[in-house]
Structure formats: structure tokens, C-alpha cells
>>> print(open('target.cif').read())   # mmCIF, C-alpha atoms and all ligand atoms
data_entry
#
loop_
_atom_site.label_atom_id
_atom_site.label_comp_id
_atom_site.auth_asym_id
_atom_site.auth_seq_id
_atom_site.Cartn_x
_atom_site.Cartn_y
_atom_site.Cartn_z
CA MET A 1 2.13 -4.02 -28.68
CA THR A 2 -1.61 -3.92 -29.09
CA GLY A 3 -4.00 -1.57 -27.43
CA ASP A 4 -3.61 1.28 -25.01
CA PRO A 5 -0.16 1.43 -23.36
CA VAL A 6 -1.63 3.10 -20.26
CA PHE A 7 -3.98 0.13 -19.84
CA GLU A 8 -1.06 -2.29 -20.17
CA PHE A 9 0.97 -0.26 -17.70
CA ALA A 10 -1.84 -0.16 -15.13
CA LEU A 11 -2.16 -3.95 -15.46
CA ARG A 12 1.55 -4.41 -14.84
CA MET A 13 1.62 -2.18 -11.78
CA GLY A 14 -1.59 -3.73 -10.44
CA ASP A 15 -0.60 -7.33 -11.13
CA ASN A 16 2.75 -6.84 -9.38
CA CYS A 17 0.92 -5.69 -6.25
CA LEU A 18 -1.81 -8.31 -6.49
CA VAL A 19 0.53 -11.28 -6.95
CA LEU A 20 2.98 -10.18 -4.26
CA GLY A 21 0.15 -9.32 -1.85
CA GLN A 22 -1.49 -12.70 -2.42
CA SER A 23 1.82 -14.56 -1.94
CA ASN A 24 2.70 -12.73 1.27
CA SER A 25 -0.74 -13.31 2.73
CA ALA A 26 -0.05 -17.06 2.73
CA TRP A 27 2.26 -16.39 5.71
CA CYS A 28 -0.64 -15.24 7.85
CA GLY A 29 -0.51 -17.44 10.95
CA HIS A 30 2.77 -19.08 9.85
CA ALA A 31 5.46 -16.39 10.13
CA PRO A 32 8.51 -17.08 12.34
CA ILE A 33 7.55 -14.43 14.92
CA LEU A 34 4.31 -12.65 15.71
CA GLU A 35 5.59 -9.18 14.71
CA GLU A 36 6.54 -10.48 11.27
CA ASP A 37 3.23 -12.27 10.92
CA ILE A 38 1.49 -8.94 11.44
CA ALA A 39 3.93 -7.03 9.24
CA LEU A 40 3.52 -9.47 6.35
CA ALA A 41 -0.27 -9.29 6.63
CA ASN A 42 -0.18 -5.49 6.71
CA VAL A 43 2.16 -5.28 3.72
CA SER A 44 -0.20 -7.63 1.88
CA LEU A 45 -3.13 -5.42 2.74
CA ASP A 46 -1.35 -2.34 1.38
CA LEU A 47 -0.36 -4.16 -1.80
CA ILE A 48 -3.83 -5.54 -2.43
CA GLY A 49 -5.24 -2.05 -1.83
CA GLN A 50 -2.79 -0.65 -4.37
CA ALA A 51 -3.66 -3.45 -6.79
CA LYS A 52 -7.29 -2.44 -6.51
CA LEU A 53 -6.44 1.16 -7.45
CA TRP A 54 -4.38 0.15 -10.49
CA LEU A 55 -6.80 -2.53 -11.65
CA SER A 56 -9.78 -0.17 -11.24
CA LEU A 57 -7.97 2.22 -13.55
CA ALA A 58 -7.30 -0.63 -16.00
CA ALA A 59 -10.95 -1.71 -15.84
CA GLU A 60 -12.11 1.81 -16.54
CA LEU A 61 -9.77 2.19 -19.52
CA GLN A 62 -10.90 -1.16 -20.86
CA GLY A 63 -14.53 -0.05 -20.74
CA GLU A 64 -16.83 -3.04 -21.24
CA ASP A 65 -18.28 -2.42 -17.78
CA LYS A 66 -15.51 -4.43 -16.09
CA SER A 67 -14.50 -4.09 -12.45
CA ALA A 68 -11.13 -4.50 -10.72
CA ASP A 69 -12.44 -7.82 -9.38
CA ASP A 70 -13.26 -9.05 -12.90
CA ILE A 71 -9.70 -8.30 -13.91
CA ALA A 72 -8.19 -9.92 -10.82
CA PHE A 73 -10.29 -13.06 -10.76
CA LEU A 74 -11.29 -13.81 -14.34
CA ARG A 75 -8.06 -13.64 -16.31
CA ASP A 76 -5.89 -16.59 -17.19
CA VAL A 77 -2.22 -16.83 -16.44
CA ARG A 78 -1.09 -15.61 -19.87
CA GLU A 79 -3.10 -12.44 -19.40
CA PHE A 80 -1.25 -11.49 -16.22
CA ARG A 81 1.39 -8.77 -16.66
CA ASN A 82 3.32 -8.92 -13.38
CA CYS A 83 7.08 -9.27 -13.40
CA LEU A 84 8.61 -12.70 -12.80
CA LEU A 85 10.17 -11.67 -9.48
CA VAL A 86 6.89 -11.34 -7.57
CA GLU A 87 5.57 -14.74 -8.70
CA GLN A 88 8.57 -16.67 -7.36
CA PRO A 89 7.51 -19.05 -4.58
CA ASN A 90 7.49 -17.96 -0.94
CA GLY A 91 10.15 -20.57 -0.12
CA ASP A 92 11.46 -20.01 3.38
CA TYR A 93 11.09 -16.73 5.22
CA ALA A 94 14.45 -15.57 3.81
CA GLN A 95 13.21 -15.98 0.25
CA THR A 96 9.96 -14.15 0.98
CA LEU A 97 11.87 -11.32 2.60
CA MET A 98 14.48 -11.06 -0.15
CA ARG A 99 11.74 -11.06 -2.79
CA GLN A 100 10.07 -8.21 -0.94
CA PHE A 101 13.30 -6.24 -0.65
CA LEU A 102 14.20 -6.65 -4.32
CA PHE A 103 10.71 -5.49 -5.26
CA ASP A 104 10.46 -2.61 -2.76
CA ALA A 105 13.83 -1.22 -3.87
CA TRP A 106 12.33 -0.82 -7.36
CA HIS A 107 8.77 0.04 -6.32
CA LEU A 108 9.63 3.10 -4.26
CA PRO A 109 11.73 5.00 -6.86
CA MET A 110 9.23 3.95 -9.53
CA LEU A 111 6.24 5.32 -7.62
CA THR A 112 8.20 8.41 -6.61
CA ALA A 113 8.80 9.15 -10.29
CA LEU A 114 5.21 8.29 -11.24
CA VAL A 115 3.85 10.92 -8.85
CA ARG A 116 5.13 13.39 -11.48
CA SER A 117 3.44 11.53 -14.36
CA THR A 118 1.72 13.69 -16.94
CA ASN A 119 -1.15 11.20 -16.76
CA VAL A 120 -3.25 12.42 -13.86
CA ARG A 121 -4.77 9.02 -13.12
CA ILE A 122 -1.36 7.37 -12.90
CA SER A 123 -0.03 10.16 -10.73
CA GLU A 124 -2.99 9.94 -8.31
CA VAL A 125 -2.50 6.21 -7.74
CA ALA A 126 1.25 6.69 -7.35
CA GLU A 127 0.74 9.49 -4.85
CA LYS A 128 -1.59 7.27 -2.83
CA SER A 129 0.84 4.32 -2.87
CA VAL A 130 4.25 5.92 -2.48
CA LYS A 131 4.25 6.45 1.28
CA GLU A 132 3.20 2.85 1.85
CA ALA A 133 6.03 1.67 -0.40
CA ALA A 134 8.47 3.79 1.64
CA TYR A 135 7.46 1.95 4.82
CA HIS A 136 7.73 -1.40 3.02
CA LEU A 137 11.26 -0.63 1.86
CA GLU A 138 12.28 0.58 5.29
CA ARG A 139 11.16 -2.71 6.83
CA SER A 140 12.63 -5.02 4.19
CA THR A 141 15.94 -3.12 4.16
CA ASP A 142 16.31 -3.34 7.95
CA LEU A 143 15.57 -7.06 7.97
CA VAL A 144 17.80 -7.92 5.02
CA ILE A 145 20.69 -6.23 6.84
CA ARG A 146 19.89 -7.83 10.19
CA LEU A 147 19.55 -11.34 8.81
CA GLY A 148 22.30 -11.07 6.18
CA ASP A 149 24.69 -9.75 8.80
CA GLY A 150 23.24 -12.14 11.36
CA ASN A 151 24.41 -15.65 12.22
CA ASP A 152 25.70 -18.33 9.83
CA GLU A 153 22.27 -19.87 9.38
CA SER A 154 20.49 -16.61 8.62
CA ARG A 155 23.27 -15.42 6.32
CA ASP A 156 23.29 -18.68 4.35
CA ARG A 157 19.56 -18.52 3.88
CA MET A 158 19.61 -14.89 2.78
CA GLN A 159 22.47 -15.61 0.39
CA SER A 160 20.61 -18.57 -1.14
CA ALA A 161 17.52 -16.41 -1.54
CA LEU A 162 19.54 -13.71 -3.28
CA LYS A 163 21.10 -16.33 -5.54
CA ALA A 164 17.68 -17.69 -6.50
CA LEU A 165 16.04 -14.32 -7.09
CA TRP A 166 18.65 -11.95 -8.49
CA ARG A 167 18.18 -13.13 -12.07
CA PHE A 168 14.59 -11.88 -12.01
CA THR A 169 15.50 -8.30 -11.08
CA GLY A 170 16.63 -7.20 -14.54
CA GLU A 171 13.09 -7.33 -15.86
CA LEU A 172 12.03 -4.53 -13.51
CA THR A 173 14.12 -1.99 -15.38
CA THR A 174 14.20 -3.49 -18.89
CA PRO A 175 12.03 -1.25 -21.05
CA ASP A 176 9.80 -2.53 -23.82
CA ASP A 177 7.47 -0.70 -26.20
CA VAL A 178 4.85 -0.07 -23.49
CA ASP A 179 7.45 1.57 -21.24
CA GLN A 180 8.81 3.57 -24.15
CA ALA A 181 5.38 4.81 -25.20
CA LEU A 182 4.69 6.05 -21.68
CA GLN A 183 8.11 7.57 -21.33
CA GLU A 184 7.64 9.53 -24.56
CA ASP A 185 4.51 11.08 -23.10
CA GLN A 186 6.33 11.65 -19.78
CA ALA A 187 3.66 9.48 -18.22
CA ALA A 188 6.30 7.11 -16.80
CA PRO A 189 10.00 7.53 -16.02
CA ASP A 190 13.02 6.54 -18.02
CA LEU A 191 13.73 3.02 -16.74
CA ASP A 192 17.46 3.56 -17.16
CA GLU A 193 17.29 6.16 -14.42
CA ILE A 194 15.33 3.78 -12.19
CA ALA A 195 17.95 1.11 -12.97
CA ALA A 196 20.80 3.36 -11.85
CA HIS A 197 18.98 4.13 -8.64
CA TYR A 198 18.14 0.45 -8.09
CA GLU A 199 21.70 -0.70 -8.63
CA GLN A 200 23.11 1.86 -6.24
CA TYR A 201 20.57 1.17 -3.49
CA THR A 202 20.63 -2.64 -3.66
CA GLN A 203 24.42 -2.73 -3.81
CA ARG A 204 24.74 -0.54 -0.74
CA VAL A 205 22.23 -2.52 1.32
CA LEU A 206 23.45 -5.95 0.23
CA ARG A 207 27.03 -4.98 0.99
CA GLU A 208 25.98 -3.86 4.46
CA ALA A 209 24.15 -7.17 4.79
CA THR A 210 27.44 -8.94 3.89
CA LEU A 211 25.70 -10.62 0.96
CA VAL A 212 27.25 -11.19 -2.44
CA ILE A 213 25.34 -10.40 -5.62
CA PRO A 214 25.61 -13.56 -7.75
CA ASP A 215 26.97 -13.64 -11.27
CA VAL A 216 24.16 -14.42 -13.62
CA SER A 217 24.67 -15.13 -17.28
CA GLY A 218 21.47 -13.35 -18.24
CA MET A 219 18.44 -11.79 -16.65
CA GLN A 220 15.16 -13.61 -17.13
CA ILE A 221 12.32 -11.60 -18.55
CA GLY A 222 8.83 -12.39 -19.85
CA GLY A 223 6.30 -11.58 -17.15
CA LYS A 224 5.47 -8.15 -18.54
CA SER A 225 4.37 -9.76 -21.79
CA GLY A 226 2.53 -12.69 -20.16
CA LEU A 227 5.21 -15.38 -20.28
CA HIS A 228 5.30 -16.63 -16.71
CA THR A 229 7.12 -19.19 -14.59
CA GLU A 230 5.16 -22.14 -13.23
CA GLY A 231 4.49 -20.63 -9.78
CA LEU A 232 1.92 -18.14 -11.03
CA GLY A 233 -0.49 -20.82 -12.24
CA PHE A 234 -0.67 -22.38 -8.76
CA LEU A 235 -1.12 -18.99 -7.12
CA LEU A 236 -3.97 -18.04 -9.45
CA ALA A 237 -5.64 -21.43 -9.09
CA GLU A 238 -5.97 -20.76 -5.38
CA MET A 239 -6.79 -17.07 -5.61
CA GLN A 240 -9.40 -17.46 -8.33
CA SER A 241 -11.01 -20.75 -7.31
CA LEU A 242 -14.02 -19.20 -5.59
CA GLN A 243 -14.93 -16.91 -8.49
CA ARG A 244 -14.46 -19.75 -10.92
CA MET A 245 -16.66 -22.13 -8.96
CA TYR A 246 -19.31 -19.56 -8.14
CA PRO A 247 -19.16 -16.88 -10.85
CA GLY A 248 -20.26 -13.48 -9.59
CA ALA A 249 -20.26 -14.55 -5.92
CA SER A 250 -20.02 -11.62 -3.53
CA TRP A 251 -20.59 -10.80 0.11
CA MET B 1 -36.60 23.72 -9.49
CA ALA B 2 -37.60 24.79 -6.04
CA VAL B 3 -35.39 23.39 -3.36
CA ASN B 4 -36.63 24.36 0.03
CA SER B 5 -33.71 25.65 2.05
CA ILE B 6 -35.28 24.26 5.21
CA GLU B 7 -34.82 20.76 3.79
CA ARG B 8 -31.16 21.50 3.16
CA PRO B 9 -29.36 21.75 6.48
CA GLN B 10 -26.43 24.14 6.68
CA ILE B 11 -23.06 22.67 5.73
CA GLU B 12 -21.69 23.53 9.21
CA CYS B 13 -24.51 21.52 10.68
CA VAL B 14 -23.61 18.49 8.51
CA TRP B 15 -19.97 18.75 9.61
CA GLY B 16 -21.22 18.69 13.19
CA TRP B 17 -23.09 15.43 12.57
CA LEU B 18 -20.04 13.93 10.86
CA GLU B 19 -17.95 14.79 13.91
CA ASP B 20 -19.97 12.14 15.73
CA VAL B 21 -19.19 9.37 13.23
CA PRO B 22 -16.53 7.21 14.87
CA ASP B 23 -13.62 5.65 13.03
CA PRO B 24 -14.43 1.91 12.93
CA GLU B 25 -10.95 0.89 14.10
CA ILE B 26 -10.24 3.62 16.65
CA PRO B 27 -13.73 4.59 17.81
CA VAL B 28 -12.56 7.36 20.17
CA VAL B 29 -11.75 9.54 17.18
CA SER B 30 -14.21 10.60 14.51
CA VAL B 31 -13.83 10.46 10.75
CA VAL B 32 -13.56 14.29 10.87
CA ASP B 33 -10.83 14.20 13.56
CA LEU B 34 -8.81 11.92 11.30
CA GLY B 35 -9.19 14.16 8.26
CA ILE B 36 -10.93 11.45 6.25
CA VAL B 37 -13.84 13.76 5.31
CA ARG B 38 -12.42 16.27 2.83
CA ASN B 39 -15.46 18.19 1.72
CA VAL B 40 -19.20 18.51 2.17
CA SER B 41 -21.34 20.38 -0.34
CA TRP B 42 -24.82 20.57 -1.78
CA HIS B 43 -25.25 19.84 -5.47
CA GLY B 44 -28.87 20.81 -5.94
CA ASP B 45 -30.69 18.70 -3.41
CA GLU B 46 -27.97 16.07 -3.30
CA LEU B 47 -25.44 16.19 -0.47
CA VAL B 48 -21.98 15.22 -1.68
CA VAL B 49 -19.52 14.04 0.97
CA THR B 50 -15.95 13.68 -0.30
CA VAL B 51 -13.82 11.17 1.59
CA THR B 52 -10.27 9.98 1.14
CA PRO B 53 -8.88 6.57 2.12
CA THR B 54 -6.16 6.49 4.77
CA TYR B 55 -4.15 3.48 3.55
CA SER B 56 -4.96 1.97 0.14
CA GLY B 57 -5.80 -1.39 1.64
CA CYS B 58 -7.50 -0.15 4.77
CA PRO B 59 -10.50 -2.43 5.27
CA ALA B 60 -12.24 0.34 7.21
CA THR B 61 -12.68 2.53 4.12
CA ALA B 62 -15.88 0.87 2.90
CA VAL B 63 -17.28 0.77 6.44
CA ILE B 64 -16.59 4.47 6.90
CA SER B 65 -18.61 5.43 3.81
CA LEU B 66 -21.46 3.25 5.01
CA GLU B 67 -21.40 4.78 8.49
CA ILE B 68 -21.41 8.30 7.11
CA VAL B 69 -24.47 7.55 4.99
CA GLU B 70 -26.25 5.92 7.94
CA ALA B 71 -25.46 8.82 10.29
CA LEU B 72 -26.83 11.34 7.79
CA ARG B 73 -29.92 9.24 7.15
CA ARG B 74 -30.61 9.32 10.88
CA GLN B 75 -30.70 13.12 10.53
CA GLY B 76 -33.35 12.79 7.86
CA LEU B 77 -31.16 13.16 4.78
CA ASN B 78 -31.77 10.73 1.98
CA ASN B 79 -30.08 12.06 -1.10
CA ILE B 80 -26.43 11.46 -0.21
CA LYS B 81 -23.51 10.73 -2.47
CA ILE B 82 -20.09 9.63 -1.24
CA GLU B 83 -17.23 10.59 -3.51
CA THR B 84 -13.79 9.09 -3.02
CA GLN B 85 -10.81 11.29 -3.71
CA LEU B 86 -7.27 9.92 -4.00
CA SER B 87 -5.33 13.14 -4.48
CA PRO B 88 -4.10 14.92 -2.48
CA ALA B 89 -3.28 11.70 -0.65
CA TRP B 90 -4.29 11.43 2.99
CA THR B 91 -1.65 12.42 5.50
CA THR B 92 -1.54 12.23 9.28
CA LYS B 93 -0.93 16.00 9.20
CA TRP B 94 -4.69 16.26 8.71
CA ILE B 95 -5.43 14.70 12.09
CA SER B 96 -6.83 17.55 14.19
CA ALA B 97 -5.37 18.76 17.48
CA VAL B 98 -8.48 17.40 19.21
CA GLY B 99 -7.99 14.07 17.43
CA ARG B 100 -4.38 13.87 18.60
CA GLU B 101 -5.41 14.51 22.19
CA LYS B 102 -8.12 11.83 21.96
CA LEU B 103 -5.63 9.30 20.56
CA LYS B 104 -3.21 9.98 23.40
CA ASN B 105 -5.89 9.63 26.07
CA TYR B 106 -6.92 6.34 24.46
CA GLY B 107 -3.33 5.02 24.80
CA ILE B 108 -2.15 5.55 21.21
CA ALA B 109 0.83 7.88 20.74
CA PRO B 110 -0.13 10.44 18.07
CA PRO B 111 2.07 10.83 14.97
CA ASP B 112 5.24 12.90 15.19
CA GLU B 113 5.04 15.03 12.04
CA SER B 114 8.68 16.07 12.17
CA SER B 115 9.70 12.52 11.25
CA ASN B 116 10.05 11.91 7.57
CA CYS B 117 8.80 8.63 6.21
CA ALA B 118 8.44 9.14 2.47
CA GLY B 119 11.99 9.05 1.28
CA MET B 120 15.29 7.32 1.61
CA LEU B 121 16.47 9.63 4.37
CA LYS B 122 14.53 8.77 7.43
CA VAL B 123 14.39 10.83 10.56
CA PRO B 124 13.28 8.59 13.40
CA PRO B 125 10.21 9.93 15.19
CA VAL B 126 10.22 11.14 18.78
CA VAL B 127 7.53 9.01 20.35
CA GLU B 128 6.21 9.85 23.78
CA CYS B 129 4.70 7.13 25.92
CA PRO B 130 0.95 7.85 26.11
CA HIS B 131 0.88 6.36 29.63
CA CYS B 132 3.68 8.18 31.45
CA GLY B 133 4.85 10.81 28.94
CA SER B 134 8.45 9.58 28.81
CA SER B 135 10.35 9.89 25.52
CA ASP B 136 12.47 6.87 26.41
CA THR B 137 10.63 4.55 24.11
CA GLU B 138 11.72 1.94 21.58
CA ARG B 139 10.14 0.48 18.50
CA ILE B 140 9.31 -3.21 18.68
CA SER B 141 7.83 -3.48 15.22
CA GLN B 142 7.07 -1.11 12.41
CA PHE B 143 3.65 -2.67 11.96
CA GLY B 144 1.23 -2.88 14.87
CA SER B 145 -2.35 -4.05 14.99
CA THR B 146 -3.19 -2.14 11.80
CA PRO B 147 -1.05 -0.73 8.96
CA CYS B 148 -1.34 2.78 10.39
CA LYS B 149 0.24 1.86 13.71
CA ALA B 150 3.68 0.73 14.86
CA HIS B 151 4.30 -1.26 18.00
CA TYR B 152 6.36 0.49 20.71
CA ARG B 153 7.50 -0.08 24.27
CA CYS B 154 8.22 2.47 26.97
CA THR B 155 11.54 1.88 28.67
CA SER B 156 10.51 4.05 31.65
CA CYS B 157 7.17 2.53 32.68
CA LEU B 158 7.73 -0.65 30.60
CA GLU B 159 4.24 -0.52 29.09
CA PRO B 160 3.79 -1.51 25.44
CA PHE B 161 1.70 0.81 23.29
CA ASP B 162 0.68 1.65 19.71
CA TYR B 163 2.18 4.58 17.83
CA PHE B 164 0.12 6.15 15.04
CA LYS B 165 2.83 6.43 12.36
CA SER B 166 3.37 9.73 10.61
CA PHE B 167 2.24 9.24 7.05
ZN ZN A 301 5.69 5.01 29.83
#
>>> encode(input="target.cif", output="C-alpha cells", more="lines below")
Ligand SMILES: [Zn+2]
Amino acid sequence: MTGDPVFEFALRMGDNCLVLGQSNSAWCGHAPILEEDIALANVSLDLIGQAKLWLSLAAELQGEDKSADDIAFLRDVREFRNCLLVEQPNGDYAQTLMRQFLFDAWHLPMLTALVRSTNVRISEVAEKSVKEAAYHLERSTDLVIRLGDGNDESRDRMQSALKALWRFTGELTTPDDVDQALQEDQAAPDLDEIAAHYEQYTQRVLREATLVIPDVSGMQIGGKSGLHTEGLGFLLAEMQSLQRMYPGASW
Amino acid sequence: MAVNSIERPQIECVWGWLEDVPDPEIPVVSVVDLGIVRNVSWHGDELVVTVTPTYSGCPATAVISLEIVEALRRQGLNNIKIETQLSPAWTTKWISAVGREKLKNYGIAPPDESSNCAGMLKVPPVVECPHCGSSDTERISQFGSTPCKAHYRCTSCLEPFDYFKSF
């Protein structure tokens, strides 16, 4: 690990929100029903707002007169620190929804714990975000149950989505030296505790949704240290194209 | 440093002006009604207005700061600083009684603060139809026209309406 672990941590939290918010926003105008179109757009808005808070903190810690926008729009793929789960493609609506659920189920207990962080800046951002995350989890939980325990078509799609995405969930609670450094300072929680919570919650909901957690030989990790799957490059190409074509453009 | 007290309006007076600054998304309520303005104070001859965002991604946040500055400029103040405060995080509990009444008259059911949203144990809110007052209402969608509102329907008068979610 190089540099300030709090900076790295803020990047991770911010990049998770930014990448997931950007992906969800692609559904705007395309969701299966109007209510979901609006919900996806609103969840995106929350996540991008949270990303701005985390990335502003990162920019401030970095110094160099950087802004949250500089960090969002001017980094290359290897510099992104989001987990692999959030960069998986939208796929069908089932995959987008399952991705959201698997993220929300981690995000809420994580933010809840971070409210008690000894680092005041982390705790402020967590306090601002946690109630939004609670609403996100409520929505994604309800829908995963309704569609999993729905008809054959909806169940098959939800099961396929779970099969495709489950192997990316381990990374959320696999600690590395950044996590350990923060945990030692009581600036971030013990990820083992988050893992226990995550396992219990996802198992309960997925069982109620009549979905089966797939056997995976190993969890895929890498996003937190900048080793990403191919989807992120495409997402960034679109998200960053304007700033790259017209550096410094604003309105 | 001689600051003429005549050039520095009373804080109560400034609050009064801010009570006329409408929320950009729900213009019947003011930024004070919603609890967005947290503090007003003079630092020398600079007026500092502390605001807090409602939702992190609320696009109205930047507009609100701009409207506050413009409203105060119209009163002849020029040295104004807007400070954004994240903690304590905004909650619908800060919406004033007057604000709640205004929301209801506008057709938006005000938040039920006895419902608990931030946690795994949720208590569903009791939402009264702002049109007929019936509590026989059902949620259509957790997200309405903006992140702060849910979409409801009254099963008595059959009218759809927005519910300002407790937050
Ligand atoms: Zn009614």
C-alpha cells in the first residue's frame, strides 16, 4: 500500500457509488415499467450524490487543488478503486436489480458502522448516506423477493443473475492492508463482522425469493486494487468522453 | 474596525427574509420550512448562512444556495457566505408544523415520523390522503417524482398522490 489509507478508502467508497450510479442511469427511459424507471433514476441520483461527497473528501486529502470532478473524470481505469460487483454489465433488468441488491446488502451495514468512525470526515459522509442506502436496500429486497418468487420467467432470470454475480460478492468483505489500517484506527469496521451480517441477510432474502446461492470455486477480487473486468473501460469511456474531448468544460 | 450596526440587519430579520425563499422543487414551502437553513450568523460584516443538503444527490441543493444569496442581495446584503454542513444529517423531523400543513394543502402527504426507515426493521408509515383525509392508502412505488417522495394511491377517493417520505 502506498499513500494515505483514508484517501484510498474514500476512493473505494466513492468509486463504488459513482460506477453503480452511472450504470443504473443508463436505464433512464428504458426500464420495464415507469415506476422502476423513476426508481432507478432516483437511486442513481443518490449514489452520484454520495460519490461526490466521498470523492470531494478524497480530492481534499490529495491536495494538489483537485476537485471531485477531476477525480471522477480524469482518472484511467487502473486508478479506479470500485469493487468488481458494481462494474458488471447491466444485462437484463434482473441482473441490474440483483447487482443492486447484492451491493445494498453490504452498503447499508457498512455505512451504519462507518457512522461511528473515529474519522470525523468519514463519519459525516456515512451519516449523510446511510438513510438513502436503507431505502435502496428496502426497494431491492422487495423486488428480489417478488421476482425470485414470481413466475418461471422471472425466477429463471433472477437465478441466472445471481449465478453470474455471486462470485463478485466476496470482495466486498475481503480485507486488505487499507481496510486493516482503518480498522486499527477504528475508522472503519472489522470486515469480518460485516461479512457475517451480509451472509445472514442475503441468505434470508434469497431463500425467501426461492433462489439458490451458487457454488463458486473462488471469489473474484481485484477491483479495490485497480484490477478491473472489461466492463469498466466501456463505462468510463462513455462517462468521461466529454471531459476528455473538452478538458475543463463546465456549465 | 467599525461595523455600523444599521448595516447589519438583525438575525431574526434575516430569518424572516429566508422564510420567503421557496424550495425549487416544492415552491409552496420555503427553505426554512424544510429545515434546510441550519444557522444564520454575522462574522464581522460577513453574513454566514449554514445550509444542509436534503438528499446527497438532490439537484436542488445548488439552486437553493443561489436563491438564498439572491434573496439576501435583494435586501441589500452583499457580503454573504453559504456554508454547507453535512452533520447532523438532514431529517424530515426538521420540517416545521407550518411546512407540513403547506405540503398537505398542496396535495403532498407530509412525512409520518413514527415510521422508521433507517434500519432493517421497518415500520410502515401511516399515510393520510391529502385530498380526502382517509388512511386507506397504498404505496404504488417507493420513489415518486423526486427521491424525497413516494408514490401513493388513496383507496377511498382513488386519487393518486405524493408522500414525502420520513427520512
Ligand atoms: Zn383520498
>>> atom_distance(input="target.cif", atom1="atom CA of B:Ser114", atom2="atom CA of A:Thr202")
27.3 Å
>>> residues_near_ligand(input="target.cif", ligand="ligand ZN 301 (chain A)", cutoff="6 Å", atoms="all atoms listed in the file", output="CSV table (one decimal) with C-alpha atoms, in the frame of the given file")
chain,number,residue,atom,x,y,z
B,129,CYS,CA,4.7,7.1,25.9
B,131,HIS,CA,0.9,6.4,29.6
B,132,CYS,CA,3.7,8.2,31.4
B,133,GLY,CA,4.8,10.8,28.9
B,134,SER,CA,8.4,9.6,28.8
B,154,CYS,CA,8.2,2.5,27.0
B,156,SER,CA,10.5,4.0,31.6
B,157,CYS,CA,7.2,2.5,32.7
B,159,GLU,CA,4.2,-0.5,29.1
>>> closest_atom_pairs(input="target.cif", of="chain B", to="chain A", cutoff="6 Å", atoms="only C-alpha atoms", output="Markdown table")
| residue | atom | partner | partner_atom | distance |
| --- | --- | --- | --- | --- |
| B:Ser56 | CA | A:Gly49 | CA | 4.5 |
| B:Gly57 | CA | A:Gly49 | CA | 3.6 |
| B:Ser87 | CA | A:Glu124 | CA | 5.5 |
| B:Ala89 | CA | A:Lys128 | CA | 5.2 |
| B:Ala118 | CA | A:Lys131 | CA | 5.1 |
| B:Phe143 | CA | A:Ala39 | CA | 5.1 |
| B:Pro147 | CA | A:Asn42 | CA | 5.3 |
>>> closest_residue(input="target.cif", among="A:Glu8, A:Asp92, A:Asp15, A:Asp70", to="A:Ala161", atoms="only C-alpha atoms")
A:Asp92
>>> atom_distance(input="target.cif", atom1="atom CA of A:Ala237", atom2="atom CA of A:Ala68")
17.9 Å
>>> atom_distance(input="target.cif", atom1="atom CA of A:Lys224", atom2="atom CA of A:Cys17")
13.3 Å
>>> residues_around(input="target.cif", residues="B:Thr92", least_positions_apart="2", cutoff="6 Å", atoms="all atoms listed in the file", output="NGL selection string")
:B and (94-95 or 166-167)
>>> closest_residue(input="target.cif", among="A:Gln95, A:Gln62, A:Thr229, A:Gln88", to="A:Arg157", atoms="all atoms listed in the file")
A:Gln95
>>> residues_around(input="target.cif", residues="stretch 33-45 of chain B", least_positions_apart="6", cutoff="8 Å", atoms="all atoms listed in the file", output="list of chain:residue names")
B:Val3, B:Arg8, B:Ile11, B:Val14, B:Trp15, B:Glu19, B:Val51, B:Thr52, B:Pro53, B:Thr54, B:Asn79, B:Trp90, B:Thr92, B:Trp94, B:Ile95, B:Ser96, B:Val98, B:Gly99
>>> build_atoms(input="target.cif", residues="stretch 129-134 of chain B", atoms="all heavy atoms", output="CSV table (one decimal), keeping the file's coordinate frame")
chain,number,residue,atom,x,y,z
B,129,CYS,N,5.6,8.1,25.3
B,129,CYS,CA,4.7,7.1,25.9
B,129,CYS,C,3.4,7.8,26.3
B,129,CYS,O,3.3,8.7,27.0
B,129,CYS,CB,5.4,6.5,27.2
B,129,CYS,SG,4.3,5.5,28.1
B,130,PRO,N,2.2,7.2,25.8
B,130,PRO,CA,1.0,7.8,26.1
B,130,PRO,C,0.5,7.6,27.6
B,130,PRO,O,-0.4,8.2,28.1
B,130,PRO,CB,0.0,7.2,25.1
B,130,PRO,CG,0.6,5.9,24.8
B,130,PRO,CD,2.1,6.1,24.9
B,131,HIS,N,1.2,6.7,28.2
B,131,HIS,CA,0.9,6.4,29.6
B,131,HIS,C,1.6,7.3,30.6
B,131,HIS,O,1.0,7.8,31.5
B,131,HIS,CB,1.2,4.9,29.9
B,131,HIS,CG,0.6,3.9,29.0
B,131,HIS,ND1,-0.8,3.8,28.9
B,131,HIS,CD2,1.1,3.1,28.0
B,131,HIS,CE1,-1.1,2.9,27.9
B,131,HIS,NE2,0.1,2.5,27.4
B,132,CYS,N,2.9,7.4,30.4
B,132,CYS,CA,3.7,8.2,31.4
B,132,CYS,C,4.3,9.4,30.9
B,132,CYS,O,4.9,10.2,31.6
B,132,CYS,CB,4.7,7.3,32.1
B,132,CYS,SG,6.2,6.9,31.1
B,133,GLY,N,4.3,9.6,29.5
B,133,GLY,CA,4.8,10.8,28.9
B,133,GLY,C,6.3,10.8,28.7
B,133,GLY,O,6.9,11.7,28.1
B,134,SER,N,7.0,9.7,29.0
B,134,SER,CA,8.4,9.6,28.8
B,134,SER,C,8.8,9.5,27.3
B,134,SER,O,8.0,8.9,26.5
B,134,SER,CB,9.0,8.3,29.5
B,134,SER,OG,10.3,8.0,29.1
